[in-house]
file model.cif (mmCIF, C-alpha atoms and all ligand atoms)
data_upload
loop_
_atom_site.label_atom_id
_atom_site.label_comp_id
_atom_site.auth_asym_id
_atom_site.auth_seq_id
_atom_site.Cartn_x
_atom_site.Cartn_y
_atom_site.Cartn_z
CA MET A 9 131.20 40.94 -31.45
CA THR A 10 129.83 37.47 -31.98
CA PRO A 11 132.06 35.51 -34.32
CA THR A 12 130.23 34.30 -37.39
CA ALA A 13 129.74 30.57 -37.60
CA CYS A 14 131.40 28.69 -40.46
CA THR A 15 130.11 25.55 -42.07
CA ILE A 16 132.64 22.73 -42.26
CA ASN A 17 132.54 19.33 -43.93
CA VAL A 18 134.75 16.84 -42.19
CA THR A 19 135.01 13.09 -42.21
CA VAL A 20 135.83 11.68 -38.79
CA ASN A 21 136.78 8.00 -38.59
CA GLY A 22 134.99 7.44 -41.89
CA HIS A 23 131.77 9.25 -40.92
CA PRO A 24 130.98 12.48 -42.79
CA HIS A 25 129.85 15.45 -40.68
CA VAL A 26 128.52 18.85 -41.68
CA ALA A 27 128.84 21.23 -38.74
CA GLU A 28 128.52 24.89 -37.82
CA VAL A 29 131.53 26.06 -35.81
CA GLU A 30 132.89 29.37 -34.61
CA PRO A 31 136.13 30.23 -36.44
CA ARG A 32 138.00 30.08 -33.11
CA ARG A 33 136.66 26.63 -32.19
CA LEU A 34 139.62 24.33 -31.58
CA LEU A 35 139.63 21.00 -33.37
CA VAL A 36 140.07 19.15 -30.08
CA ASP A 37 136.99 20.86 -28.58
CA PHE A 38 135.03 20.18 -31.74
CA LEU A 39 135.90 16.48 -31.51
CA ARG A 40 135.35 16.13 -27.78
CA GLU A 41 132.41 18.43 -27.15
CA ASP A 42 130.53 18.74 -30.44
CA LEU A 43 131.02 15.17 -31.65
CA GLY A 44 131.31 13.56 -28.21
CA LEU A 45 134.58 11.85 -29.12
CA ALA A 46 136.28 12.34 -25.76
CA GLY A 47 138.98 9.73 -26.44
CA THR A 48 141.27 12.50 -27.68
CA HIS A 49 142.73 14.02 -24.53
CA ILE A 50 143.81 17.56 -23.68
CA GLY A 51 147.03 18.05 -21.72
CA CYS A 52 149.21 21.11 -22.20
CA GLU A 53 146.95 22.92 -24.68
CA HIS A 54 149.94 24.42 -26.49
CA GLY A 55 151.30 21.78 -28.78
CA VAL A 56 153.98 20.33 -26.52
CA CYS A 57 152.70 17.12 -24.93
CA GLY A 58 151.01 15.34 -27.84
CA THR A 59 148.10 13.72 -25.99
CA CYS A 60 145.68 15.52 -28.35
CA THR A 61 147.37 14.05 -31.47
CA VAL A 62 144.97 13.02 -34.24
CA LEU A 63 145.59 12.26 -37.90
CA LEU A 64 144.55 14.83 -40.51
CA ASN A 65 144.63 13.18 -43.93
CA GLY A 66 146.98 10.61 -42.39
CA ALA A 67 149.45 13.12 -40.91
CA SER A 68 149.73 13.54 -37.14
CA ILE A 69 148.80 16.98 -35.87
CA ARG A 70 148.15 18.63 -32.50
CA SER A 71 144.38 19.12 -32.34
CA CYS A 72 144.80 21.61 -29.46
CA ILE A 73 146.53 24.15 -31.73
CA THR A 74 144.45 23.46 -34.83
CA PHE A 75 141.16 25.20 -35.53
CA ALA A 76 138.19 23.07 -36.52
CA VAL A 77 137.83 25.19 -39.69
CA GLN A 78 141.31 24.04 -40.73
CA ALA A 79 139.90 20.50 -40.95
CA ASP A 80 137.27 21.54 -43.50
CA GLY A 81 137.33 18.99 -46.31
CA ALA A 82 139.76 16.73 -44.44
CA GLU A 83 139.64 13.23 -43.05
CA ILE A 84 140.33 13.03 -39.34
CA SER A 85 141.23 9.82 -37.53
CA THR A 86 140.95 9.60 -33.77
CA VAL A 87 141.55 6.81 -31.26
CA GLU A 88 137.85 5.88 -31.45
CA GLY A 89 138.35 4.77 -35.05
CA LEU A 90 141.09 2.24 -34.31
CA ALA A 91 139.05 -0.76 -33.08
CA ARG A 92 136.94 -2.58 -35.68
CA GLY A 93 133.60 -3.89 -34.40
CA GLY A 94 134.78 -4.69 -30.90
CA GLU A 95 138.12 -6.02 -32.14
CA MET A 96 141.11 -4.05 -30.92
CA HIS A 97 143.65 -2.63 -33.36
CA PRO A 98 147.01 -4.49 -33.10
CA LEU A 99 148.52 -1.35 -31.57
CA GLN A 100 145.84 -1.26 -28.85
CA ASP A 101 146.31 -4.99 -28.19
CA GLU A 102 150.06 -4.61 -27.90
CA PHE A 103 149.83 -1.52 -25.67
CA SER A 104 147.60 -3.60 -23.39
CA GLU A 105 149.76 -6.74 -23.46
CA LYS A 106 153.15 -5.00 -23.14
CA GLN A 107 151.89 -2.50 -20.56
CA GLY A 108 152.50 0.40 -22.90
CA LEU A 109 150.30 2.46 -20.60
CA GLN A 110 149.77 3.06 -16.93
CA CYS A 111 147.46 6.02 -16.29
CA GLY A 112 146.53 6.07 -19.98
CA TYR A 113 146.49 9.83 -20.35
CA CYS A 114 149.05 9.95 -23.16
CA THR A 115 147.73 6.79 -24.83
CA PRO A 116 145.27 8.20 -27.41
CA GLY A 117 147.97 10.49 -28.76
CA MET A 118 150.65 7.79 -28.63
CA LEU A 119 148.42 5.38 -30.55
CA MET A 120 147.66 7.90 -33.31
CA ARG A 121 151.31 8.90 -33.61
CA ALA A 122 152.24 5.19 -33.73
CA CYS A 123 149.77 4.69 -36.61
CA GLU A 124 151.60 7.35 -38.61
CA ILE A 125 155.03 5.94 -37.70
CA LEU A 126 154.04 2.45 -38.91
CA ALA A 127 152.34 3.79 -42.03
CA GLU A 128 155.62 5.46 -42.97
CA ASN A 129 157.83 2.55 -41.95
CA PRO A 130 156.18 -0.83 -41.27
CA ASP A 131 159.41 -2.29 -39.87
CA PRO A 132 161.12 0.29 -37.63
CA THR A 133 163.98 -0.46 -35.26
CA PRO A 134 163.43 0.21 -31.54
CA ALA A 135 165.76 3.23 -31.86
CA GLU A 136 163.64 4.63 -34.70
CA VAL A 137 160.47 4.17 -32.67
CA ARG A 138 162.03 5.87 -29.66
CA SER A 139 163.14 8.82 -31.72
CA ALA A 140 159.74 9.12 -33.44
CA ILE A 141 157.61 8.92 -30.28
CA ALA A 142 159.76 11.61 -28.67
CA SER A 143 157.05 13.92 -30.06
CA ASN A 144 154.68 12.67 -27.35
CA LEU A 145 155.19 12.89 -23.61
CA CYS A 146 154.43 10.05 -21.20
CA ARG A 147 154.89 10.65 -17.49
CA CYS A 148 154.37 7.02 -16.44
CA THR A 149 155.91 4.31 -18.57
CA GLY A 150 159.44 5.54 -19.23
CA TYR A 151 158.75 4.86 -22.95
CA GLN A 152 160.37 1.39 -22.92
CA PHE A 153 157.09 -0.53 -22.88
CA ILE A 154 155.57 1.83 -25.44
CA THR A 155 158.50 1.17 -27.76
CA GLU A 156 158.08 -2.59 -27.27
CA ALA A 157 154.35 -2.34 -27.94
CA VAL A 158 154.89 -0.44 -31.21
CA ILE A 159 157.52 -2.96 -32.34
CA GLY A 160 155.17 -5.84 -31.42
CA ALA A 161 152.26 -4.25 -33.29
CA ALA A 162 154.48 -3.65 -36.33
CA ALA A 163 155.34 -7.37 -36.48
CA ARG A 164 151.68 -8.35 -36.18
CA MET A 165 150.59 -5.86 -38.81
CA ARG A 166 153.26 -7.09 -41.23
CA ALA A 167 152.19 -10.71 -40.63
CA THR A 168 148.52 -9.87 -41.28
CA LYS A 169 149.45 -8.06 -44.46
CA GLU A 170 151.42 -11.07 -45.72
CA VAL A 171 148.49 -13.40 -45.04
CA ALA A 172 146.13 -10.97 -46.78
CA SER A 173 148.28 -10.61 -49.89
CA MET B 19 152.57 28.46 -46.94
CA THR B 20 154.41 25.22 -47.51
CA ARG B 21 154.35 22.89 -44.54
CA MET B 22 157.71 22.10 -43.00
CA SER B 23 157.19 18.36 -43.42
CA GLU B 24 156.73 18.89 -47.18
CA VAL B 25 160.00 20.82 -47.33
CA GLU B 26 161.71 18.10 -45.31
CA ARG B 27 160.64 15.39 -47.76
CA SER B 28 161.19 17.35 -50.96
CA PRO B 29 164.05 16.00 -53.12
CA GLU B 30 164.15 19.37 -54.93
CA VAL B 31 164.70 21.33 -51.70
CA ALA B 32 167.39 18.86 -50.62
CA VAL B 33 169.35 19.68 -53.79
CA ALA B 34 168.56 23.38 -54.27
CA ALA B 35 168.44 24.55 -50.64
CA PRO B 36 170.17 21.95 -48.45
CA LEU B 37 170.62 24.47 -45.61
CA LEU B 38 166.85 24.93 -45.41
CA ALA B 39 166.30 21.17 -45.55
CA GLU B 40 168.77 20.56 -42.73
CA ALA B 41 167.30 23.32 -40.55
CA VAL B 42 163.70 22.24 -41.05
CA GLY B 43 164.61 18.79 -39.74
CA LEU B 44 165.65 20.44 -36.46
CA VAL B 45 162.32 22.25 -35.91
CA ALA B 46 160.37 20.41 -33.22
CA HIS B 47 158.88 17.00 -34.08
CA THR B 48 156.94 15.55 -37.01
CA PRO B 49 153.45 16.44 -35.68
CA VAL B 50 154.49 20.10 -35.36
CA ARG B 51 156.19 20.11 -38.78
CA ASN B 52 153.05 18.54 -40.30
CA SER B 53 151.21 21.79 -39.43
CA GLY B 54 153.85 24.50 -39.22
CA THR B 55 154.78 26.38 -42.38
CA VAL B 56 158.01 28.00 -43.52
CA GLY B 57 156.24 31.34 -43.99
CA GLY B 58 154.58 31.04 -40.57
CA SER B 59 157.91 30.49 -38.85
CA LEU B 60 159.46 33.52 -40.60
CA ALA B 61 156.46 35.74 -39.87
CA HIS B 62 156.46 34.59 -36.23
CA ALA B 63 160.16 35.61 -35.99
CA ASP B 64 161.00 33.79 -32.78
CA PRO B 65 164.63 34.75 -31.93
CA ALA B 66 165.31 31.06 -31.19
CA ALA B 67 163.80 29.76 -34.43
CA GLU B 68 165.93 28.11 -37.10
CA LEU B 69 164.36 29.41 -40.29
CA PRO B 70 164.94 33.16 -39.81
CA ALA B 71 168.67 32.33 -39.54
CA VAL B 72 168.46 30.29 -42.74
CA ALA B 73 166.77 33.20 -44.51
CA LEU B 74 169.44 35.62 -43.25
CA ALA B 75 172.43 33.47 -44.14
CA SER B 76 170.96 32.72 -47.58
CA ASP B 77 170.22 36.38 -48.40
CA ALA B 78 166.63 35.31 -48.94
CA GLU B 79 164.03 37.62 -50.38
CA LEU B 80 160.64 37.43 -48.74
CA VAL B 81 157.70 38.28 -50.94
CA ALA B 82 154.88 40.07 -49.13
CA THR B 83 151.46 40.58 -50.64
CA GLY B 84 148.74 42.95 -49.47
CA PRO B 85 145.98 45.16 -50.82
CA ALA B 86 148.63 47.63 -52.03
CA GLY B 87 150.35 44.93 -54.10
CA THR B 88 153.43 42.78 -53.81
CA ARG B 89 156.91 43.73 -52.63
CA ARG B 90 160.16 41.90 -51.94
CA ILE B 91 161.83 42.33 -48.57
CA ALA B 92 165.45 41.33 -47.94
CA ALA B 93 165.71 38.95 -44.98
CA VAL B 94 168.01 41.35 -43.17
CA GLU B 95 165.34 44.06 -43.31
CA PHE B 96 162.52 41.66 -42.57
CA LEU B 97 163.52 40.78 -38.98
CA THR B 98 162.98 43.93 -36.94
CA GLY B 99 162.93 42.55 -33.39
CA PRO B 100 161.82 39.61 -31.29
CA PHE B 101 158.55 38.34 -32.80
CA SER B 102 158.50 41.46 -35.00
CA THR B 103 158.88 41.81 -38.75
CA ALA B 104 158.66 44.41 -41.51
CA LEU B 105 155.30 42.99 -42.59
CA ALA B 106 152.44 45.49 -42.54
CA PRO B 107 149.32 44.36 -40.68
CA ASP B 108 147.53 43.73 -43.98
CA GLU B 109 150.37 41.82 -45.66
CA ILE B 110 151.10 38.12 -45.80
CA LEU B 111 154.15 36.23 -46.97
CA THR B 112 153.43 34.49 -50.23
CA GLU B 113 156.86 33.43 -51.42
CA ILE B 114 160.35 32.81 -49.99
CA ARG B 115 163.14 33.18 -52.56
CA LEU B 116 166.46 31.57 -51.67
CA PRO B 117 169.40 32.17 -54.03
CA MET B 118 171.23 28.95 -54.91
CA TRP B 119 174.55 28.46 -53.11
CA ALA B 120 177.28 26.44 -54.81
CA GLY B 121 179.41 25.39 -51.81
CA GLY B 122 178.85 23.64 -48.50
CA HIS B 123 176.18 24.25 -45.88
CA ALA B 124 175.58 23.41 -42.21
CA PHE B 125 172.89 24.04 -39.62
CA VAL B 126 174.00 23.01 -36.13
CA GLU B 127 172.43 23.81 -32.80
CA PHE B 128 172.44 23.13 -29.10
CA SER B 129 169.14 22.08 -27.63
CA ARG B 130 168.66 20.84 -24.08
CA ILE B 131 166.17 18.19 -25.15
CA HIS B 132 166.00 16.56 -28.59
CA ALA B 133 163.76 18.67 -30.86
CA ASN B 134 163.13 21.45 -28.35
CA PHE B 135 163.74 25.05 -29.33
CA ALA B 136 167.50 25.49 -29.57
CA VAL B 137 169.40 27.62 -27.06
CA VAL B 138 171.86 28.61 -29.79
CA GLY B 139 171.84 27.75 -33.49
CA VAL B 140 174.26 28.40 -36.35
CA ALA B 141 173.64 28.53 -40.09
CA ALA B 142 176.79 28.41 -42.21
CA LEU B 143 177.34 28.59 -45.97
CA ILE B 144 180.81 28.36 -47.46
CA ASP B 145 181.88 28.54 -51.07
CA LEU B 146 185.41 27.57 -52.09
CA ASP B 147 187.73 28.68 -54.84
CA GLY B 148 190.42 26.02 -54.87
CA ASP B 149 191.76 25.89 -51.32
CA ARG B 150 190.54 29.37 -50.49
CA ILE B 151 187.18 30.46 -49.21
CA ARG B 152 185.52 32.57 -51.88
CA ARG B 153 182.44 33.50 -49.86
CA ALA B 154 181.06 32.74 -46.41
CA ALA B 155 177.71 33.50 -44.82
CA LEU B 156 177.00 32.92 -41.15
CA ALA B 157 173.86 33.52 -39.09
CA LEU B 158 173.16 32.89 -35.42
CA THR B 159 170.07 32.32 -33.31
CA GLY B 160 169.70 32.72 -29.57
CA VAL B 161 172.33 35.44 -29.01
CA ALA B 162 170.38 38.61 -29.89
CA PRO B 163 166.76 39.82 -30.09
CA THR B 164 166.59 38.46 -33.66
CA ALA B 165 168.63 36.05 -35.72
CA ILE B 166 171.79 37.92 -36.76
CA ARG B 167 174.48 37.73 -39.44
CA ALA B 168 178.08 37.39 -38.24
CA THR B 169 179.59 39.72 -40.84
CA ALA B 170 182.97 40.26 -39.14
CA ALA B 171 183.55 36.50 -39.01
CA GLU B 172 182.48 36.15 -42.65
CA ASN B 173 185.18 38.68 -43.54
CA VAL B 174 187.76 36.66 -41.62
CA LEU B 175 186.78 33.56 -43.56
CA ALA B 176 186.65 35.16 -47.00
CA GLY B 177 189.98 34.65 -48.74
CA SER B 178 191.45 32.43 -46.06
CA ASP B 179 193.03 29.07 -46.76
CA VAL B 180 191.15 25.91 -45.78
CA GLY B 181 194.37 23.93 -45.29
CA ASP B 182 193.94 24.20 -41.53
CA MET B 183 190.18 24.11 -41.27
CA ALA B 184 190.09 23.81 -37.49
CA ALA B 185 192.25 26.90 -36.90
CA THR B 186 190.39 28.98 -39.48
CA ALA B 187 187.01 28.01 -38.01
CA ALA B 188 188.16 28.73 -34.45
CA GLU B 189 189.48 32.16 -35.40
CA ALA B 190 186.25 33.10 -37.16
CA ALA B 191 184.15 31.82 -34.27
CA GLY B 192 186.17 33.95 -31.84
CA VAL B 193 185.62 37.05 -33.97
CA ALA B 194 181.89 36.30 -34.36
CA VAL B 195 181.13 36.36 -30.65
CA GLN B 196 183.04 39.59 -29.98
CA GLY B 197 180.66 42.35 -29.04
CA LEU B 198 177.65 40.07 -28.63
CA THR B 199 175.60 40.70 -25.50
CA PRO B 200 172.99 37.96 -25.34
CA ALA B 201 170.33 38.18 -22.65
CA GLY B 202 170.25 35.43 -20.05
CA ASP B 203 167.10 33.52 -19.26
CA LEU B 204 166.10 30.30 -17.52
CA HIS B 205 167.50 28.26 -20.42
CA ALA B 206 171.02 29.71 -20.36
CA SER B 207 173.05 32.59 -18.93
CA PRO B 208 174.70 35.14 -21.26
CA GLN B 209 178.07 33.45 -20.66
CA THR B 210 176.70 30.03 -21.56
CA ARG B 211 175.12 31.41 -24.73
CA LEU B 212 178.41 32.97 -25.78
CA ALA B 213 180.34 29.77 -25.08
CA LEU B 214 177.76 27.75 -27.00
CA ALA B 215 177.79 30.21 -29.90
CA ARG B 216 181.56 29.93 -30.17
CA THR B 217 181.53 26.14 -30.08
CA TYR B 218 178.65 25.73 -32.52
CA LEU B 219 180.07 28.34 -34.90
CA ARG B 220 183.30 26.39 -35.00
CA ARG B 221 181.44 23.15 -35.67
CA GLY B 222 179.14 24.72 -38.25
CA ILE B 223 181.98 26.37 -40.15
CA GLU B 224 184.04 23.17 -40.17
CA LEU B 225 181.11 21.09 -41.35
CA ALA B 226 180.22 23.55 -44.12
CA MET B 227 183.90 23.69 -45.19
CA SER B 228 184.28 19.94 -45.36
CA ARG B 229 181.02 19.62 -47.29
CA ALA B 230 182.20 22.33 -49.68
CA ARG B 231 185.38 20.33 -50.26
CA ASN B 232 183.43 17.13 -50.92
CA GLU B 233 181.20 18.98 -53.36
CA ARG B 234 184.11 19.49 -55.72
C1 LIG C 1 155.85 21.97 -29.41
C2 LIG C 1 156.40 22.96 -30.37
C3 LIG C 1 157.75 23.02 -30.59
C4 LIG C 1 158.28 23.93 -31.49
N1 LIG C 1 159.64 23.95 -31.69
C5 LIG C 1 160.15 24.80 -32.61
C6 LIG C 1 161.55 24.81 -32.89
O1 LIG C 1 162.33 24.03 -32.34
N2 LIG C 1 162.01 25.71 -33.79
C7 LIG C 1 161.16 26.59 -34.46
O2 LIG C 1 161.62 27.36 -35.28
N3 LIG C 1 159.85 26.58 -34.22
C8 LIG C 1 159.32 25.71 -33.32
N4 LIG C 1 157.97 25.73 -33.08
C9 LIG C 1 157.13 26.70 -33.78
C10 LIG C 1 156.64 26.10 -35.07
O3 LIG C 1 157.67 26.00 -35.99
C11 LIG C 1 155.52 26.95 -35.62
O4 LIG C 1 154.67 26.04 -36.19
C12 LIG C 1 155.91 28.00 -36.65
O5 LIG C 1 156.81 28.90 -36.11
C13 LIG C 1 154.70 28.78 -37.14
O6 LIG C 1 153.78 27.90 -37.50
P1 LIG C 1 152.56 28.15 -38.47
O7 LIG C 1 153.00 28.08 -39.89
O8 LIG C 1 151.53 27.20 -38.01
O9 LIG C 1 152.11 29.62 -38.21
P2 LIG C 1 151.01 30.14 -37.20
O10 LIG C 1 151.26 29.65 -35.85
O11 LIG C 1 149.68 29.90 -37.83
O12 LIG C 1 151.33 31.69 -37.28
C14 LIG C 1 152.38 32.29 -36.54
C15 LIG C 1 152.29 33.79 -36.74
O13 LIG C 1 152.69 34.13 -38.06
C16 LIG C 1 151.59 34.68 -38.79
N5 LIG C 1 151.66 34.05 -40.12
C17 LIG C 1 151.58 32.71 -40.41
N6 LIG C 1 151.77 32.52 -41.74
C18 LIG C 1 151.95 33.75 -42.29
C19 LIG C 1 152.20 34.23 -43.62
N7 LIG C 1 152.31 33.40 -44.67
N8 LIG C 1 152.34 35.57 -43.80
C20 LIG C 1 152.24 36.44 -42.78
N9 LIG C 1 152.01 36.07 -41.50
C21 LIG C 1 151.87 34.73 -41.25
C22 LIG C 1 150.34 34.36 -38.00
O14 LIG C 1 149.36 35.36 -38.18
C23 LIG C 1 150.87 34.38 -36.59
O15 LIG C 1 151.01 35.65 -36.09
C24 LIG C 1 157.41 24.83 -32.18
C25 LIG C 1 156.06 24.76 -31.96
C26 LIG C 1 155.53 23.85 -31.08
C27 LIG C 1 154.05 23.78 -30.91
S1 LIG C 2 147.22 19.08 -25.43
FE1 LIG C 2 147.80 19.33 -27.47
S2 LIG C 2 149.91 18.96 -27.42
FE2 LIG C 2 149.38 18.94 -25.34
S1 LIG C 3 150.61 6.25 -19.33
FE1 LIG C 3 150.43 7.91 -17.98
S2 LIG C 3 151.20 9.53 -19.18
FE2 LIG C 3 151.63 7.84 -20.39
#
call {"tool": "encode", "arguments": {"input": "model.cif", "output": "structure tokens"}}
result
Amino acid sequence: MTPTACTINVTVNGHPHVAEVEPRRLLVDFLREDLGLAGTHIGCEHGVCGTCTVLLNGASIRSCITFAVQADGAEISTVEGLARGGEMHPLQDEFSEKQGLQCGYCTPGMLMRACEILAENPDPTPAEVRSAIASNLCRCTGYQFITEAVIGAAARMRATKEVAS
Amino acid sequence: MTRMSEVERSPEVAVAAPLLAEAVGLVAHTPVRNSGTVGGSLAHADPAAELPAVALASDAELVATGPAGTRRIAAVEFLTGPFSTALAPDEILTEIRLPMWAGGHAFVEFSRIHANFAVVGVAALIDLDGDRIRRAALALTGVAPTAIRATAAENVLAGSDVGDMAATAAEAAGVAVQGLTPAGDLHASPQTRLALARTYLRRGIELAMSRARNER
């Protein structure tokens, strides 16, 4: 039996898309294969590692255990949407400067989770960051440099906000 | 169909169903709770999951809706085996009804890694009448094919004095694990599960008792 295609309306990194997807199409495959946004990685494919983390209406979710049809009507943010016109997001800058990555496999998920953490609490302690990023696995860095990068980005984002307001 | 992260943040749930609020905070990490629902966890009926134990201890009623209409299922009848429930194939859970509990609550668990599925978990509810326990409800995860109530231990607690909380909790915990025959797996042997159940029961009962005292 061929599954019937569904029409979905989703906004990805600010761009609206209307797409035909099979009901069983995973969100991560939709993003990577149908939209060509291969920045979102696939690791464990069962919700454990977090490298596929994207934001759905601002909340972090595992795109490997979410169907594309579940994103109908939603706004999705992926790692591709972080930089603005060639200028890195403070989180990306800090991950680069503080060596918050080595192989980089976990990085797209870490960055999206970090966005949510800082949206909820713009001034977290290192312990709070550590506890919050425990949702995402990194096999390289030992988490210390990731924690430092998130703290560094938080300070920069707060400073920018103060200048702006 | 309420997402766990909504439950976790709800001030109403924190007041009306603090046991549920505490247990939800122990389910995996934020990105999983942003997707996972309370109804989904109950319908999935993982023997290691927290929420079936909350439903059992709270005497929850689960409302199932299907083409034939709507019916209420008591939590104790809902869990029929590992990953198995009383839901018919054409029914879905549409409502979870938790009676209010006046006393103290506690959800405590042992997990090898922060936020992983727990090896053993304990839900405890204790209601006091002066220095005596009026009513106790205990449920366990990880020691049987489904979450289970520890009725014999509840009977030990009911009517007993809370003057010596530690001794009362230890006695009840000892009674609760009698006759349990948990299966061993790569996470823990049967002996380890029993030892953990005893320890976490003691802690859960003590915590619920002390919260019940502070409530007054
Ligand atoms: C990395 C990871 C760690 C986890 N750790 C824990 C943990 O520590 N503790 C824990 O308890 N759980 C844990 N879980 C499971 C998690 O809580 C699940 O999200 C939850 O059990 C079910 O989620 P869901 O609402 O998305 O349901 P789904 O996964 O969509 O559904 C699960 C099952 O229930 C059925 N179902 C869903 N909703 C209903 C309904 N309303 N009525 C009838 N049937 C329904 C579905 O058909 C399916 O068979 C973990 C999951 C992951 C990925
Ligand atoms: S690939 Fe989705 S959590 Fe690992
Ligand atoms: S940088 Fe390699 S897994 Fe995190």
call {"tool": "atom_distance", "arguments": {"input": "model.cif", "atom1": "atom O4 of ligand LIG 1 (chain C)", "atom2": "CA of Arg167 (chain B)"}}
result
23.2 Å
call {"tool": "atom_distance", "arguments": {"input": "model.cif", "atom1": "CA of His62 (chain B)", "atom2": "CA of Ala155 (chain B)"}}
result
22.9 Å
call {"tool": "residues_around", "arguments": {"input": "model.cif", "residues": "Ala201 (chain B)", "least_positions_apart": "3", "cutoff": "12 Å", "atoms": "all atoms listed in the file", "output": "ChimeraX atom specification"}}
result
/B:65,137,160-164,198,204-212
call {"tool": "atom_distance", "arguments": {"input": "model.cif", "atom1": "CA of Ala32 (chain B)", "atom2": "CA of Glu83 (chain A)"}}
result
29.3 Å
call {"tool": "residues_around", "arguments": {"input": "model.cif", "residues": "Phe135 (chain B)", "least_positions_apart": "3", "cutoff": "12 Å", "atoms": "only C-alpha atoms", "output": "ChimeraX atom specification"}}
result
/A:56 /B:41,44-47,64-69,127-132,138-139,159-160,205
call {"tool": "write_last_selection", "arguments": {"input": "model.cif", "atoms": "C-alpha atoms", "output": "tab-separated table (two decimals), in the coordinates of the input"}}
result
chain	number	residue	atom	x	y	z
A	56	VAL	CA	153.98	20.33	-26.52
B	41	ALA	CA	167.30	23.32	-40.55
B	44	LEU	CA	165.65	20.44	-36.46
B	45	VAL	CA	162.32	22.25	-35.91
B	46	ALA	CA	160.37	20.41	-33.22
B	47	HIS	CA	158.88	17.00	-34.08
B	64	ASP	CA	161.00	33.79	-32.78
B	65	PRO	CA	164.63	34.75	-31.93
B	66	ALA	CA	165.31	31.06	-31.19
B	67	ALA	CA	163.80	29.76	-34.43
B	68	GLU	CA	165.93	28.11	-37.10
B	69	LEU	CA	164.36	29.41	-40.29
B	127	GLU	CA	172.43	23.81	-32.80
B	128	PHE	CA	172.44	23.13	-29.10
B	129	SER	CA	169.14	22.08	-27.63
B	130	ARG	CA	168.66	20.84	-24.08
B	131	ILE	CA	166.17	18.19	-25.15
B	132	HIS	CA	166.00	16.56	-28.59
B	138	VAL	CA	171.86	28.61	-29.79
B	139	GLY	CA	171.84	27.75	-33.49
B	159	THR	CA	170.07	32.32	-33.31
B	160	GLY	CA	169.70	32.72	-29.57
B	205	HIS	CA	167.50	28.26	-20.42
call {"tool": "closest_residue", "arguments": {"input": "model.cif", "among": "A:Met120, A:Ala13, A:Val171, A:Ile154", "to": "chain B", "atoms": "only C-alpha atoms"}}
result
A:Met120
call {"tool": "residues_around", "arguments": {"input": "model.cif", "residues": "region 184-195 of chain B", "least_positions_apart": "2", "cutoff": "6 Å", "atoms": "only C-alpha atoms", "output": "ChimeraX atom specification"}}
result
/B:168,171,174,182,198,216,219-220,223
call {"tool": "residues_near_ligand", "arguments": {"input": "model.cif", "ligand": "ligand LIG 2 (chain C)", "cutoff": "9 Å", "atoms": "only C-alpha atoms and all ligand atoms", "output": "ChimeraX atom specification"}}
result
/A:36,49-61,69-73,117,144-145
call {"tool": "axis_aligned_box", "arguments": {"input": "model.cif", "around": "region 19-30 of chain B", "padding_each_side": "3 Å", "output": "JSON"}}
result
{"center_x": 158.4, "center_y": 21.9, "center_z": -49.0, "size_x": 17.6, "size_y": 19.1, "size_z": 17.9}
call {"tool": "interface_residues", "arguments": {"input": "model.cif", "of": "chain B", "to": "chain A", "cutoff": "10 Å", "atoms": "all atoms listed in the file", "output": "count of residues only"}}
result
14
call {"tool": "closest_residue", "arguments": {"input": "model.cif", "among": "B:Ala86, B:Ala78, B:Ala106, B:Ala34", "to": "ligand LIG 1 (chain C)", "atoms": "all atoms listed in the file"}}
result
B:Ala106
